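Next comes query_8.tsv, with TSV, C-alpha atoms.
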```
chain	number	residue	atom	x	y	z
P	11	GLY	CA	78.28	38.90	-55.19
P	12	ALA	CA	79.35	40.18	-51.82
P	13	VAL	CA	82.55	38.77	-50.39
P	14	VAL	CA	83.37	37.80	-46.84
P	15	SER	CA	86.92	36.99	-45.87
P	16	GLN	CA	88.37	35.28	-42.83
P	17	HIS	CA	91.86	35.50	-41.46
P	18	PRO	CA	93.73	33.37	-40.84
P	19	SER	CA	92.54	30.50	-43.00
P	20	TRP	CA	94.24	28.08	-40.66
P	21	VAL	CA	96.05	28.34	-37.35
P	22	ILE	CA	97.86	25.96	-35.04
P	23	CYS	CA	98.40	26.96	-31.45
P	24	LYS	CA	99.50	25.51	-28.16
P	25	SER	CA	97.04	24.61	-25.46
P	26	GLY	CA	96.39	27.53	-23.13
P	27	THR	CA	97.04	30.27	-25.65
P	28	SER	CA	94.47	32.58	-27.21
P	29	VAL	CA	93.68	32.83	-30.88
P	30	LYS	CA	91.92	35.63	-32.73
P	31	ILE	CA	89.98	35.05	-35.93
P	32	GLU	CA	88.85	37.93	-38.10
P	33	CYS	CA	85.78	38.09	-40.29
P	34	ARG	CA	85.53	40.93	-42.79
P	35	SER	CA	82.88	41.98	-45.24
P	36	LEU	CA	84.95	43.29	-48.12
P	37	ASP	CA	82.47	45.17	-50.26
P	38	PHE	CA	79.45	45.77	-48.09
P	39	GLN	CA	78.51	46.84	-44.61
P	40	ALA	CA	77.29	44.23	-42.20
P	41	THR	CA	75.37	45.20	-39.10
P	42	THR	CA	75.05	41.56	-38.15
P	43	MET	CA	77.58	38.78	-38.36
P	44	PHE	CA	77.21	35.20	-37.23
P	45	TRP	CA	79.82	32.74	-36.00
P	46	TYR	CA	79.51	29.01	-36.57
P	47	ARG	CA	81.58	26.04	-35.53
P	48	GLN	CA	81.85	22.85	-37.50
P	49	PHE	CA	83.43	19.69	-36.12
P	50	PRO	CA	84.75	17.09	-38.57
P	51	LYS	CA	82.02	15.42	-40.56
P	52	GLN	CA	79.36	17.37	-38.72
P	53	SER	CA	77.06	20.24	-39.54
P	54	LEU	CA	77.53	23.89	-38.75
P	55	MET	CA	76.37	24.97	-35.34
P	56	LEU	CA	75.60	28.59	-34.62
P	57	MET	CA	77.72	29.90	-31.77
P	58	ALA	CA	76.74	33.54	-31.55
P	59	THR	CA	75.22	36.51	-33.27
P	60	SER	CA	77.35	39.61	-33.44
P	61	ASN	CA	75.80	43.04	-33.85
P	62	GLU	CA	77.89	46.09	-34.59
P	63	GLY	CA	78.38	48.23	-31.52
P	64	SER	CA	76.67	45.92	-29.07
P	65	LYS	CA	77.33	42.75	-27.15
P	66	ALA	CA	77.12	39.45	-28.94
P	67	THR	CA	74.27	37.06	-28.30
P	68	TYR	CA	75.46	33.54	-27.57
P	69	GLU	CA	73.63	30.31	-28.23
P	70	GLN	CA	72.86	28.01	-25.38
P	71	GLY	CA	75.87	26.02	-24.30
P	72	VAL	CA	78.45	28.39	-25.77
P	73	GLU	CA	80.77	29.91	-23.18
P	74	LYS	CA	80.85	33.64	-23.76
P	75	ASP	CA	83.96	34.08	-21.63
P	76	LYS	CA	85.80	31.55	-23.72
P	77	PHE	CA	84.66	32.74	-27.13
P	78	LEU	CA	84.98	36.51	-27.10
P	79	ILE	CA	83.28	38.29	-29.97
P	80	ASN	CA	83.85	41.89	-30.92
P	81	HIS	CA	82.00	43.61	-33.75
P	82	ALA	CA	83.70	46.96	-33.65
P	83	SER	CA	82.86	48.18	-37.14
P	84	LEU	CA	80.41	47.51	-39.93
P	85	THR	CA	82.97	45.45	-41.79
P	86	LEU	CA	84.81	43.55	-39.08
P	87	SER	CA	83.95	41.03	-36.41
P	88	THR	CA	86.50	39.08	-34.43
P	89	LEU	CA	86.25	35.82	-32.53
P	90	THR	CA	88.89	35.20	-29.87
P	91	VAL	CA	89.21	31.71	-28.50
P	92	THR	CA	90.72	32.22	-25.06
P	93	SER	CA	92.82	29.62	-23.30
P	94	ALA	CA	92.32	27.24	-26.17
P	95	HIS	CA	92.29	23.49	-25.57
P	96	PRO	CA	92.41	20.57	-27.99
P	97	GLU	CA	88.62	20.19	-27.81
P	98	ASP	CA	88.32	23.68	-29.31
P	99	SER	CA	89.94	22.42	-32.49
P	100	SER	CA	87.36	22.96	-35.18
P	101	PHE	CA	86.44	24.76	-38.37
P	102	TYR	CA	85.08	28.21	-37.58
P	103	ILE	CA	82.93	29.95	-40.19
P	104	CYS	CA	81.47	33.41	-40.11
P	105	SER	CA	78.66	34.92	-42.12
P	106	ALA	CA	77.72	38.53	-42.67
P	107	LYS	CA	74.32	40.03	-43.28
P	108	GLN	CA	74.11	43.10	-45.46
P	109	ALA	CA	73.02	46.24	-43.68
P	110	SER	CA	70.68	47.56	-46.34
P	111	GLY	CA	69.74	47.39	-49.96
P	112	SER	CA	69.90	43.63	-49.99
P	113	SER	CA	67.51	40.80	-50.45
P	114	TYR	CA	65.79	39.78	-47.30
P	115	ASN	CA	68.00	37.58	-45.20
P	116	GLU	CA	70.80	37.76	-47.71
P	117	GLN	CA	73.90	36.47	-46.00
P	118	PHE	CA	77.33	35.63	-47.21
P	119	PHE	CA	79.62	33.07	-45.69
P	120	GLY	CA	83.34	33.33	-45.18
P	121	PRO	CA	85.72	30.58	-46.30
P	122	GLY	CA	86.30	29.36	-42.76
P	123	THR	CA	89.25	29.12	-40.37
P	124	ARG	CA	90.71	25.79	-39.36
P	125	LEU	CA	91.89	25.89	-35.75
P	126	THR	CA	94.09	23.13	-34.39
P	127	VAL	CA	95.07	23.24	-30.74
P	128	LEU	CA	97.98	21.04	-29.76
V	260	ALA	CA	62.36	27.12	-33.21
V	261	GLN	CA	63.26	25.98	-36.66
V	262	SER	CA	64.82	22.65	-37.46
V	263	VAL	CA	66.06	20.88	-40.54
V	264	THR	CA	66.25	17.17	-41.24
V	265	GLN	CA	68.31	15.60	-43.97
V	266	PRO	CA	67.37	11.92	-43.78
V	267	ASP	CA	70.24	10.66	-45.91
V	268	ILE	CA	73.68	10.87	-44.35
V	269	HIS	CA	75.40	9.38	-47.36
V	270	ILE	CA	74.39	8.86	-51.00
V	271	THR	CA	76.35	7.14	-53.72
V	272	VAL	CA	75.41	7.89	-57.31
V	273	SER	CA	76.89	6.98	-60.66
V	274	GLU	CA	78.22	9.72	-62.86
V	275	GLY	CA	75.52	10.77	-65.29
V	276	ALA	CA	72.71	9.51	-63.10
V	277	SER	CA	70.16	11.74	-61.46
V	278	LEU	CA	70.48	12.90	-57.88
V	279	GLU	CA	67.90	13.88	-55.31
V	280	LEU	CA	68.73	15.03	-51.81
V	281	ARG	CA	65.95	15.23	-49.29
V	282	CYS	CA	65.33	18.02	-46.83
V	283	ASN	CA	62.47	18.49	-44.41
V	284	TYR	CA	62.08	21.54	-42.26
V	285	SER	CA	60.08	22.71	-39.32
V	286	TYR	CA	59.35	26.38	-38.99
V	287	GLY	CA	56.34	28.30	-37.75
V	288	ALA	CA	56.31	31.03	-40.35
V	289	THR	CA	57.26	31.36	-43.99
V	290	PRO	CA	60.60	29.65	-44.26
V	291	TYR	CA	63.67	31.01	-45.95
V	292	LEU	CA	65.32	27.92	-47.38
V	293	PHE	CA	68.78	27.32	-48.73
V	294	TRP	CA	70.99	24.63	-50.14
V	295	TYR	CA	74.76	24.90	-49.74
V	296	VAL	CA	77.58	22.71	-50.95
V	297	GLN	CA	80.88	22.25	-49.15
V	298	SER	CA	83.99	20.58	-50.48
V	299	PRO	CA	86.48	19.13	-47.96
V	300	GLY	CA	88.22	21.84	-45.97
V	301	GLN	CA	86.35	24.56	-47.79
V	302	GLY	CA	83.66	27.05	-46.93
V	303	LEU	CA	80.07	27.01	-48.07
V	304	GLN	CA	78.89	27.75	-51.56
V	305	LEU	CA	75.28	28.76	-52.07
V	306	LEU	CA	73.53	26.58	-54.64
V	307	LEU	CA	70.09	28.12	-54.45
V	308	LYS	CA	67.59	29.73	-52.14
V	309	TYR	CA	63.85	30.07	-51.74
V	310	PHE	CA	62.20	33.10	-50.20
V	311	SER	CA	58.84	33.24	-51.97
V	312	GLY	CA	57.21	32.95	-55.37
V	313	ASP	CA	57.77	30.11	-57.78
V	314	THR	CA	58.21	26.94	-55.77
V	315	LEU	CA	60.65	25.46	-58.27
V	316	VAL	CA	63.96	27.20	-57.82
V	317	GLN	CA	66.87	27.03	-60.23
V	318	GLY	CA	70.38	27.27	-58.90
V	319	ILE	CA	73.93	27.09	-60.04
V	320	LYS	CA	75.70	24.04	-61.47
V	321	GLY	CA	72.46	22.66	-62.87
V	322	PHE	CA	70.77	22.14	-59.51
V	323	GLU	CA	67.15	22.84	-58.76
V	324	ALA	CA	64.95	22.50	-55.70
V	325	GLU	CA	61.24	22.36	-55.15
V	326	PHE	CA	59.50	23.86	-52.15
V	327	LYS	CA	56.48	21.85	-51.05
V	328	ARG	CA	54.73	23.52	-48.18
V	329	SER	CA	52.29	20.64	-47.66
V	330	GLN	CA	55.18	18.25	-47.13
V	331	SER	CA	57.49	20.74	-45.41
V	332	SER	CA	60.14	19.73	-47.89
V	333	PHE	CA	62.76	21.41	-50.02
V	334	ASN	CA	64.43	18.63	-51.98
V	335	LEU	CA	67.43	19.27	-54.18
V	336	ARG	CA	67.75	17.64	-57.59
V	337	LYS	CA	70.17	17.39	-60.44
V	338	PRO	CA	69.32	15.46	-63.63
V	339	SER	CA	72.84	14.29	-64.38
V	340	VAL	CA	75.66	14.39	-61.86
V	341	HIS	CA	79.29	15.03	-62.64
V	342	TRP	CA	82.27	13.74	-60.70
V	343	SER	CA	82.85	17.28	-59.47
V	344	ASP	CA	79.50	17.18	-57.65
V	345	ALA	CA	81.00	14.92	-55.00
V	346	ALA	CA	80.81	16.97	-51.80
V	347	GLU	CA	78.80	17.57	-48.66
V	348	TYR	CA	75.42	19.21	-49.14
V	349	PHE	CA	73.63	21.17	-46.46
V	350	CYS	CA	70.03	22.27	-46.36
V	351	ALA	CA	69.31	25.26	-44.14
V	352	VAL	CA	66.40	27.32	-42.92
V	353	ALA	CA	66.72	30.89	-41.71
V	354	ASP	CA	64.42	32.91	-39.53
V	355	SER	CA	63.47	36.54	-40.02
V	356	TRP	CA	66.56	37.66	-38.11
V	357	GLY	CA	68.88	35.73	-40.35
V	358	LYS	CA	69.78	32.97	-37.93
V	359	PHE	CA	70.46	29.78	-39.82
V	360	GLN	CA	69.67	26.27	-38.77
V	361	PHE	CA	71.57	23.72	-40.83
V	362	GLY	CA	70.72	20.12	-41.47
V	363	ALA	CA	73.21	17.41	-40.64
V	364	GLY	CA	74.37	17.26	-44.22
V	365	THR	CA	74.41	14.60	-46.93
V	366	GLN	CA	77.69	13.27	-48.26
V	367	VAL	CA	77.48	12.62	-51.99
V	368	VAL	CA	79.89	10.17	-53.56
V	369	VAL	CA	80.03	9.94	-57.35
V	370	THR	CA	81.24	6.69	-58.89
V	371	PRO	CA	82.55	6.33	-62.45
```

Any chance you could put this one into structure tokens?
Amino acid sequence: GAVVSQHPSWVICKSGTSVKIECRSLDFQATTMFWYRQFPKQSLMLMATSNEGSKATYEQGVEKDKFLINHASLTLSTLTVTSAHPEDSSFYICSAKQASGSSYNEQFFGPGTRLTVL
Amino acid sequence: AQSVTQPDIHITVSEGASLELRCNYSYGATPYLFWYVQSPGQGLQLLLKYFSGDTLVQGIKGFEAEFKRSQSSFNLRKPSVHWSDAAEYFCAVADSWGKFQFGAGTQVVVTP
């Protein structure tokens, strides 16, 4: 099956700094990628939809200036958490939707990135 | 807007016993339904999915799920659980654009 990677798998940063998380589709092209956040012992919550070459669409309540999303190519989307604070500590998961030749709504999830803000 | 309800937050089952996890959804059109499993600190692994056709879906690791439109349900079953099945299980529904709505999850504990 198709593979989605995330880098880094975990990161620890100081409060006030910015952190960039990468999501890559390794063996397929993805016109659409999604970013989710998962707090401990909770479900995944969709943060934003990222479309290649256009601005991301954010879900209600998600600060677009804080969570910058860039989908610059068909295989890479990045999420930058700006001025991170301890409450941003979470597990961030991306998913990628195949551009063509795939089953309807076929998506593949990355392994997740654990962010801890001190 | 779609929504997913997993009524059971936590289930404890003996190894070798059968397991059923409940999932109810709300969606205006034909739903695209999924079950995922997540081990602690790990990403999601797809167990099975339903798009159309046969309402009884077979997945990996011996899991199956049945889509019942009349009950708006997509329950997951396994006839005999193994200790390695202990994990968090998420039911999800996707719309035509691919946006997922996940249920709250069910924690499965397997006892010897």

Rank V:Thr271, V:Gln304, V:Ser332, V:Thr314 by their smallest atom-to-atom distance to chain P, using all atoms listed in the file, and report the top residue only.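 Answer, going by the shortest atom-to-atom distance: V:Gln304.
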
Would you kindly return, as number ranges by chain, each protein, DNA or RNA residue with an atom no farther than 7 Å from any atom of segment 81-92 of chain P, considering all atoms listed in the file and excluding same-chain residues fewer than 3 positions away? P: 27-36, 39-41, 60-63, 76-78

Could you jot down the atom CA of Val272 of chain V to atom CA of Pro371 of chain V separation for me, Å, one decimal place?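 A separation of 8.9 Å between them.
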
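Shortest separation to Trp45 of chain P among P:Gln117, P:Ser105, P:Asn80, P:Thr126 occurs at residue P:Ser105, atoms counted being only C-alpha atoms.
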
Dump as CSV the rows for residues of chain P within 7 Å of chain V: closest atom pair and distance in Å with one decimal, all atoms listed in the file counted, ordered by chain and rising residue number.
```
residue,atom,partner,partner_atom,distance
P:Gln52,CA,V:Ala363,CA,6.4
P:Ser53,CA,V:Ala363,CA,4.9
P:Leu54,CA,V:Phe361,CA,6.3
P:Asn115,CA,V:Gly357,CA,5.3
P:Phe119,CA,V:Leu303,CA,6.5
P:Gly120,CA,V:Gly302,CA,6.5
P:Pro121,CA,V:Gly302,CA,4.1
P:Gly122,CA,V:Gly302,CA,5.4
```

Around (75.4, 9.5, -62.3) in the file's frame, which residues reach within 9 Å when counting all atoms listed in the file? Return as a PDB file with C-alpha atoms, keeping the file's coordinate frame?
```pdb
ATOM      1  CA  THR V 271      76.350   7.140 -53.720  1.00  0.00           C
ATOM      2  CA  VAL V 272      75.410   7.890 -57.310  1.00  0.00           C
ATOM      3  CA  SER V 273      76.890   6.980 -60.660  1.00  0.00           C
ATOM      4  CA  GLU V 274      78.220   9.720 -62.860  1.00  0.00           C
ATOM      5  CA  GLY V 275      75.520  10.770 -65.290  1.00  0.00           C
ATOM      6  CA  ALA V 276      72.710   9.510 -63.100  1.00  0.00           C
ATOM      7  CA  SER V 277      70.160  11.740 -61.460  1.00  0.00           C
ATOM      8  CA  LEU V 278      70.480  12.900 -57.880  1.00  0.00           C
ATOM      9  CA  PRO V 338      69.320  15.460 -63.630  1.00  0.00           C
ATOM     10  CA  SER V 339      72.840  14.290 -64.380  1.00  0.00           C
ATOM     11  CA  VAL V 340      75.660  14.390 -61.860  1.00  0.00           C
ATOM     12  CA  HIS V 341      79.290  15.030 -62.640  1.00  0.00           C
ATOM     13  CA  TRP V 342      82.270  13.740 -60.700  1.00  0.00           C
ATOM     14  CA  VAL V 369      80.030   9.940 -57.350  1.00  0.00           C
ATOM     15  CA  THR V 370      81.240   6.690 -58.890  1.00  0.00           C
ATOM     16  CA  PRO V 371      82.550   6.330 -62.450  1.00  0.00           C
TER      17      PRO V 371
END
```

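The residue that comes closest to Ser298 of chain V, out of P:Lys51, P:Lys24, P:Lys107, P:Tyr46 and on the basis of all atoms listed in the file, is P:Lys51.
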
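The interatomic distance for the pair atom CA of Tyr295 of chain V and atom CA of Ile22 of chain P works out to 27.4 Å.
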
Restricting the calculation to all atoms listed in the file, which member of V:Val367, V:Thr264, V:Ser311, V:Cys350 is positioned closest to Arg328 of chain V?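 Looking only at the distances to Arg328 of chain V, the closest residue turns out to be V:Ser311.
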
Could you tell me how far atom CA of Ser262 of chain V sits from atom CA of Ile103 of chain P, in Å to one decimal place?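 Result for atom CA of Ile103 of chain P versus atom CA of Ser262 of chain V: 19.7 Å, one decimal.
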
Using all atoms listed in the file, find all polymer residues with an atom at most 10 Å away from the point (74.2, 22.3, -60.4); report them as number ranges by chain. V: 306-307, 317-323, 335-341, 344

Would you kindly return, as an MDAnalysis selection string, each protein, DNA or RNA residue with an atom no farther than 9 Å from any atom of Leu128 of chain P, considering all atoms listed in the file and excluding same-chain residues fewer than 5 positions away? chainID P and resid 22:25 95:96 99

Please, could N, CA, C and O atoms be added to segment 74-85 of chain P and the result written as a CSV table (one decimal), keeping the file's coordinate frame?
```csv
chain,number,residue,atom,x,y,z
P,74,LYS,N,80.5,32.3,-23.3
P,74,LYS,CA,80.8,33.6,-23.8
P,74,LYS,C,82.2,34.1,-23.3
P,74,LYS,O,82.8,35.0,-23.9
P,75,ASP,N,82.7,33.7,-22.1
P,75,ASP,CA,84.0,34.1,-21.6
P,75,ASP,C,85.1,33.4,-22.3
P,75,ASP,O,86.2,33.8,-22.3
P,76,LYS,N,84.8,32.3,-23.0
P,76,LYS,CA,85.8,31.6,-23.7
P,76,LYS,C,85.9,32.0,-25.2
P,76,LYS,O,86.9,32.1,-25.8
P,77,PHE,N,84.7,32.3,-25.7
P,77,PHE,CA,84.7,32.7,-27.1
P,77,PHE,C,84.2,34.2,-27.1
P,77,PHE,O,83.0,34.5,-27.1
P,78,LEU,N,85.2,35.1,-27.2
P,78,LEU,CA,85.0,36.5,-27.1
P,78,LEU,C,84.7,37.0,-28.5
P,78,LEU,O,85.5,36.8,-29.4
P,79,ILE,N,83.6,37.7,-28.7
P,79,ILE,CA,83.3,38.3,-30.0
P,79,ILE,C,83.2,39.8,-29.9
P,79,ILE,O,82.6,40.3,-29.0
P,80,ASN,N,83.8,40.4,-30.8
P,80,ASN,CA,83.8,41.9,-30.9
P,80,ASN,C,83.5,42.3,-32.3
P,80,ASN,O,84.1,41.9,-33.3
P,81,HIS,N,82.5,43.1,-32.4
P,81,HIS,CA,82.0,43.6,-33.8
P,81,HIS,C,82.1,45.1,-33.7
P,81,HIS,O,81.2,45.9,-33.6
P,82,ALA,N,83.4,45.6,-33.9
P,82,ALA,CA,83.7,47.0,-33.6
P,82,ALA,C,83.3,47.9,-34.8
P,82,ALA,O,83.2,49.1,-34.6
P,83,SER,N,83.2,47.3,-36.0
P,83,SER,CA,82.9,48.2,-37.1
P,83,SER,C,81.9,47.4,-38.0
P,83,SER,O,81.6,46.3,-37.8
P,84,LEU,N,81.4,48.1,-39.0
P,84,LEU,CA,80.4,47.5,-39.9
P,84,LEU,C,81.0,46.5,-40.9
P,84,LEU,O,80.3,45.9,-41.7
P,85,THR,N,82.3,46.4,-40.9
P,85,THR,CA,83.0,45.4,-41.8
P,85,THR,C,83.9,44.4,-41.1
P,85,THR,O,84.5,43.6,-41.7
```
